[in-house]
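Visitor: For reference, the structure I am asking about is given below.
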Amino acid sequence: MTNLRKELEKCKHPNSRKTKALSKKARRQNNKHKSRLGHAIKSNLTGEKLNWFLEHIDLERKEPLSPVEFEELVLLYLKRFDEELEQIKLKQSISKNRSNQHIARENVIRITLEKEMNEFKSGGMEMINLCDPIKYKTLLDWDGSAINVQHLKLDLISQNFLQRLKAQTSMETATMEDTEIMLPSGSKDAMET
């Protein structure tokens with residue numbers, strides 16, 4: 001970048017072809033830098049989200065979450081700022097002079113929660129599917145760094161998706177129970193071996 005500045009200073013006329021080429025090159029480098037920065041911010045945010053879920057899962061647990069447990073965990077994630085919002089309201093209610101204290105933080109929290117809630121109820125939050133055994137294992141094996149987030153396979157997890165998973169698992173358990181009822185007791189032992 002410093003070489004580019006020196007070359008721009010050497011240019012005699014602001015509208016010369018060389019000056020225009022150098023300014024185009026500078027814009028291109030600036031856009032590349034902004035793009036890299038955007039990717040880094042996104043991976044940091046996704047990493048923080050995945051770390052939160054990892055902290056709230058029992059690490060000794062080897063089997064993936066059921067859809068009901070996963071939905072409860074997502075709803076708990078969406079309520080993670082409730083205590084902080086209560087503290088802000090308490091501080092604001094103390095006196096009139098403090099009514100605008102922490103208003104910026106409160107606005108950021110509310111906007112974030114609205115965005116995440118809308119994503120969960122409509123299109124889906126970008127998350128790892130903790131009901132899938134392979135993806136669940138990759139999350140447990142993840143080292144927690146934002147650099148390695150790109151290696152994780154993320155899905156769009158929505159409320160509708162979890163409802164379908166619940167229906168699918170209930171159908172599977174119902175068919176398993178039906179097949180157990182239909183089989184005589186001796187044939188069940190034969191199927192297990």
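Going by the structure tokens order, chains are called A, B, ..., each with residues numbered from 1, while ligands are numbered from 1 in the order shown.
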List every residue of range 76-182 of chain A that DSSP, applied to the backbone of this structure, places in alpha helix (DSSP H), and write the result as a PDB file with C-alpha atoms, in the first residue's frame.
Guide:
ATOM      1  CA  LEU A  76     -32.727 -21.039  25.646  1.00  0.00           C
ATOM      2  CA  TYR A  77     -30.181 -19.498  23.252  1.00  0.00           C
ATOM      3  CA  LEU A  78     -32.746 -16.916  22.156  1.00  0.00           C
ATOM      4  CA  ASP A  82     -32.934 -11.712  29.357  1.00  0.00           C
ATOM      5  CA  GLU A  83     -30.937 -11.220  32.555  1.00  0.00           C
ATOM      6  CA  GLU A  84     -28.873  -8.399  31.040  1.00  0.00           C
ATOM      7  CA  LEU A  85     -32.028  -6.655  29.773  1.00  0.00           C
ATOM      8  CA  GLU A  86     -33.551  -6.861  33.274  1.00  0.00           C
ATOM      9  CA  GLN A  87     -30.397  -5.296  34.758  1.00  0.00           C
ATOM     10  CA  ILE A  88     -30.563  -2.458  32.222  1.00  0.00           C
ATOM     11  CA  LYS A  89     -34.245  -1.803  33.037  1.00  0.00           C
ATOM     12  CA  LEU A  90     -33.452  -1.818  36.746  1.00  0.00           C
ATOM     13  CA  LYS A  91     -30.662   0.737  36.281  1.00  0.00           C
ATOM     14  CA  GLN A  92     -32.915   2.917  34.121  1.00  0.00           C
ATOM     15  CA  SER A  93     -35.755   2.835  36.664  1.00  0.00           C
ATOM     16  CA  ILE A  94     -33.565   4.126  39.503  1.00  0.00           C
ATOM     17  CA  ILE A 103     -29.618   2.481  25.739  1.00  0.00           C
ATOM     18  CA  ALA A 104     -27.124   1.632  22.985  1.00  0.00           C
ATOM     19  CA  ARG A 105     -26.436  -1.815  24.446  1.00  0.00           C
ATOM     20  CA  GLU A 106     -30.166  -2.415  24.908  1.00  0.00           C
ATOM     21  CA  ASN A 107     -30.833  -1.500  21.270  1.00  0.00           C
ATOM     22  CA  VAL A 108     -28.078  -3.808  20.026  1.00  0.00           C
ATOM     23  CA  ILE A 109     -29.481  -6.692  22.086  1.00  0.00           C
ATOM     24  CA  ARG A 110     -33.044  -6.097  20.904  1.00  0.00           C
ATOM     25  CA  ILE A 111     -32.024  -5.879  17.237  1.00  0.00           C
ATOM     26  CA  THR A 112     -29.926  -9.061  17.553  1.00  0.00           C
ATOM     27  CA  LEU A 113     -32.751 -10.967  19.250  1.00  0.00           C
ATOM     28  CA  GLU A 114     -35.329  -9.802  16.697  1.00  0.00           C
ATOM     29  CA  LYS A 115     -33.074 -10.862  13.833  1.00  0.00           C
ATOM     30  CA  GLU A 116     -32.335 -14.278  15.349  1.00  0.00           C
ATOM     31  CA  MET A 117     -35.981 -14.901  16.266  1.00  0.00           C
ATOM     32  CA  ASN A 118     -37.120 -13.999  12.741  1.00  0.00           C
ATOM     33  CA  GLU A 119     -34.451 -16.273  11.273  1.00  0.00           C
ATOM     34  CA  PHE A 120     -35.517 -19.156  13.525  1.00  0.00           C
ATOM     35  CA  LYS A 121     -39.218 -18.734  12.775  1.00  0.00           C
ATOM     36  CA  PRO A 133     -24.930 -37.993  14.785  1.00  0.00           C
ATOM     37  CA  ILE A 134     -22.056 -37.152  12.403  1.00  0.00           C
ATOM     38  CA  LYS A 135     -22.444 -33.370  12.742  1.00  0.00           C
ATOM     39  CA  TYR A 136     -22.913 -33.696  16.503  1.00  0.00           C
ATOM     40  CA  LYS A 137     -19.588 -35.566  16.728  1.00  0.00           C
ATOM     41  CA  THR A 138     -17.819 -32.924  14.604  1.00  0.00           C
ATOM     42  CA  LEU A 139     -19.060 -30.216  16.986  1.00  0.00           C
ATOM     43  CA  LEU A 140     -17.735 -32.163  19.974  1.00  0.00           C
ATOM     44  CA  ASP A 141     -14.372 -32.616  18.199  1.00  0.00           C
ATOM     45  CA  GLN A 159     -38.766 -23.987  13.872  1.00  0.00           C
ATOM     46  CA  ASN A 160     -40.436 -25.664  10.897  1.00  0.00           C
ATOM     47  CA  PHE A 161     -37.378 -27.902  10.363  1.00  0.00           C
ATOM     48  CA  LEU A 162     -37.448 -29.023  13.998  1.00  0.00           C
ATOM     49  CA  GLN A 163     -41.208 -29.728  13.785  1.00  0.00           C
ATOM     50  CA  ARG A 164     -40.579 -31.981  10.771  1.00  0.00           C
ATOM     51  CA  LEU A 165     -37.784 -33.759  12.637  1.00  0.00           C
ATOM     52  CA  LYS A 166     -40.100 -34.318  15.610  1.00  0.00           C
ATOM     53  CA  ALA A 167     -42.785 -35.769  13.354  1.00  0.00           C
ATOM     54  CA  GLN A 168     -40.241 -37.978  11.589  1.00  0.00           C
ATOM     55  CA  THR A 169     -38.808 -39.358  14.841  1.00  0.00           C
ATOM     56  CA  SER A 170     -42.290 -39.990  16.266  1.00  0.00           C
ATOM     57  CA  MET A 171     -43.206 -41.867  13.074  1.00  0.00           C
ATOM     58  CA  GLU A 172     -40.015 -43.941  13.315  1.00  0.00           C
ATOM     59  CA  THR A 173     -40.635 -44.822  16.961  1.00  0.00           C
ATOM     60  CA  ALA A 174     -44.245 -45.727  16.166  1.00  0.00           C
ATOM     61  CA  THR A 175     -43.179 -48.060  13.350  1.00  0.00           C
ATOM     62  CA  MET A 176     -40.503 -49.609  15.597  1.00  0.00           C
ATOM     63  CA  GLU A 177     -43.136 -50.270  18.267  1.00  0.00           C
ATOM     64  CA  ASP A 178     -45.515 -51.740  15.676  1.00  0.00           C
ATOM     65  CA  THR A 179     -42.862 -54.123  14.367  1.00  0.00           C
ATOM     66  CA  GLU A 180     -42.023 -55.206  17.924  1.00  0.00           C
ATOM     67  CA  ILE A 181     -45.691 -55.951  18.626  1.00  0.00           C
ATOM     68  CA  MET A 182     -46.084 -57.957  15.417  1.00  0.00           C
TER      69      MET A 182
END
Visitor: Write out as a short mmCIF file (atom, residue, chain, number, x, y, z; two decimals) with N, CA and C atoms, in the first residue's frame each polymer residue whose atoms come within 8 Å of range 41-52 of chain A, counting only C-alpha atoms; drop sequence neighbours fewer than 5 positions from it.
Guide:
data_model
loop_
_atom_site.label_atom_id
_atom_site.label_comp_id
_atom_site.auth_asym_id
_atom_site.auth_seq_id
_atom_site.Cartn_x
_atom_site.Cartn_y
_atom_site.Cartn_z
N TYR A 77 -31.15 -20.38 23.91
CA TYR A 77 -30.18 -19.50 23.25
C TYR A 77 -30.82 -18.15 22.92
N MET A 127 -26.67 -22.93 11.65
CA MET A 127 -26.23 -23.69 12.81
C MET A 127 -25.85 -25.09 12.38
N ILE A 128 -25.23 -25.81 13.30
CA ILE A 128 -24.94 -27.22 13.08
C ILE A 128 -26.17 -28.01 13.54
N GLY A 144 -12.87 -25.11 18.89
CA GLY A 144 -13.42 -23.86 19.40
C GLY A 144 -12.87 -22.61 18.75
N SER A 145 -12.00 -22.73 17.77
CA SER A 145 -11.43 -21.54 17.14
C SER A 145 -12.29 -21.08 15.97
N ALA A 146 -12.30 -19.78 15.77
CA ALA A 146 -13.11 -19.21 14.68
C ALA A 146 -12.53 -19.55 13.32
N ILE A 147 -11.25 -19.84 13.27
CA ILE A 147 -10.61 -20.17 11.99
C ILE A 147 -11.16 -21.48 11.44
N VAL A 149 -14.12 -22.77 11.90
CA VAL A 149 -15.58 -22.78 11.69
C VAL A 149 -15.89 -23.13 10.24
N GLN A 150 -15.03 -22.71 9.32
CA GLN A 150 -15.27 -22.95 7.91
C GLN A 150 -15.26 -24.43 7.56
#
Visitor: Counting only C-alpha atoms, which residue out of A:Phe53, A:Pro67, A:Ser16, A:Arg61 sits closest to Arg80 in chain A?
Guide: A:Phe53
Visitor: If you measure from CA of Lys20 in chain A to CA of Arg5 in chain A, what distance in Å do you get, rounded to one decimal?
Guide: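 Rounded to one decimal, the two atoms are 12.9 Å apart.
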Visitor: Could you pull out the strand (DSSP E or B) residues of range 87-193 of chain A from DSSP and send them as a list in words?
Guide: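 For range 87-193 of chain A, the strand (DSSP E or B) set is Met125, Glu126, Met127, Asp155, Leu156 and Ile157 of chain A.
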Visitor: Write out, as a compact mmCIF listing (two decimals), in the first residue's frame, the residues just selected, with C-alpha atoms.
Guide:
# COMPACT_ATOMS: atom_id res chain seq x y z
CA MET A 125 -30.51 -19.86 11.70
CA GLU A 126 -27.16 -20.96 10.35
CA MET A 127 -26.23 -23.69 12.81
CA ASP A 155 -27.43 -26.10 8.16
CA LEU A 156 -30.36 -23.72 8.34
CA ILE A 157 -32.20 -24.67 11.52
Visitor: Give me, please, the distance in Å between CA of Glu7 in chain A and CA of Thr19 in chain A, quoted to one decimal.
Guide: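 Between CA of Glu7 in chain A and CA of Thr19 in chain A the gap works out to 8.5 Å.
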Visitor: Identify which of the residues A:Leu54, A:Glu72, A:Leu154, A:Gly124 lies closest to Trp142 in chain A, counting only C-alpha atoms when measuring atom-to-atom distances.
Guide: A:Leu54
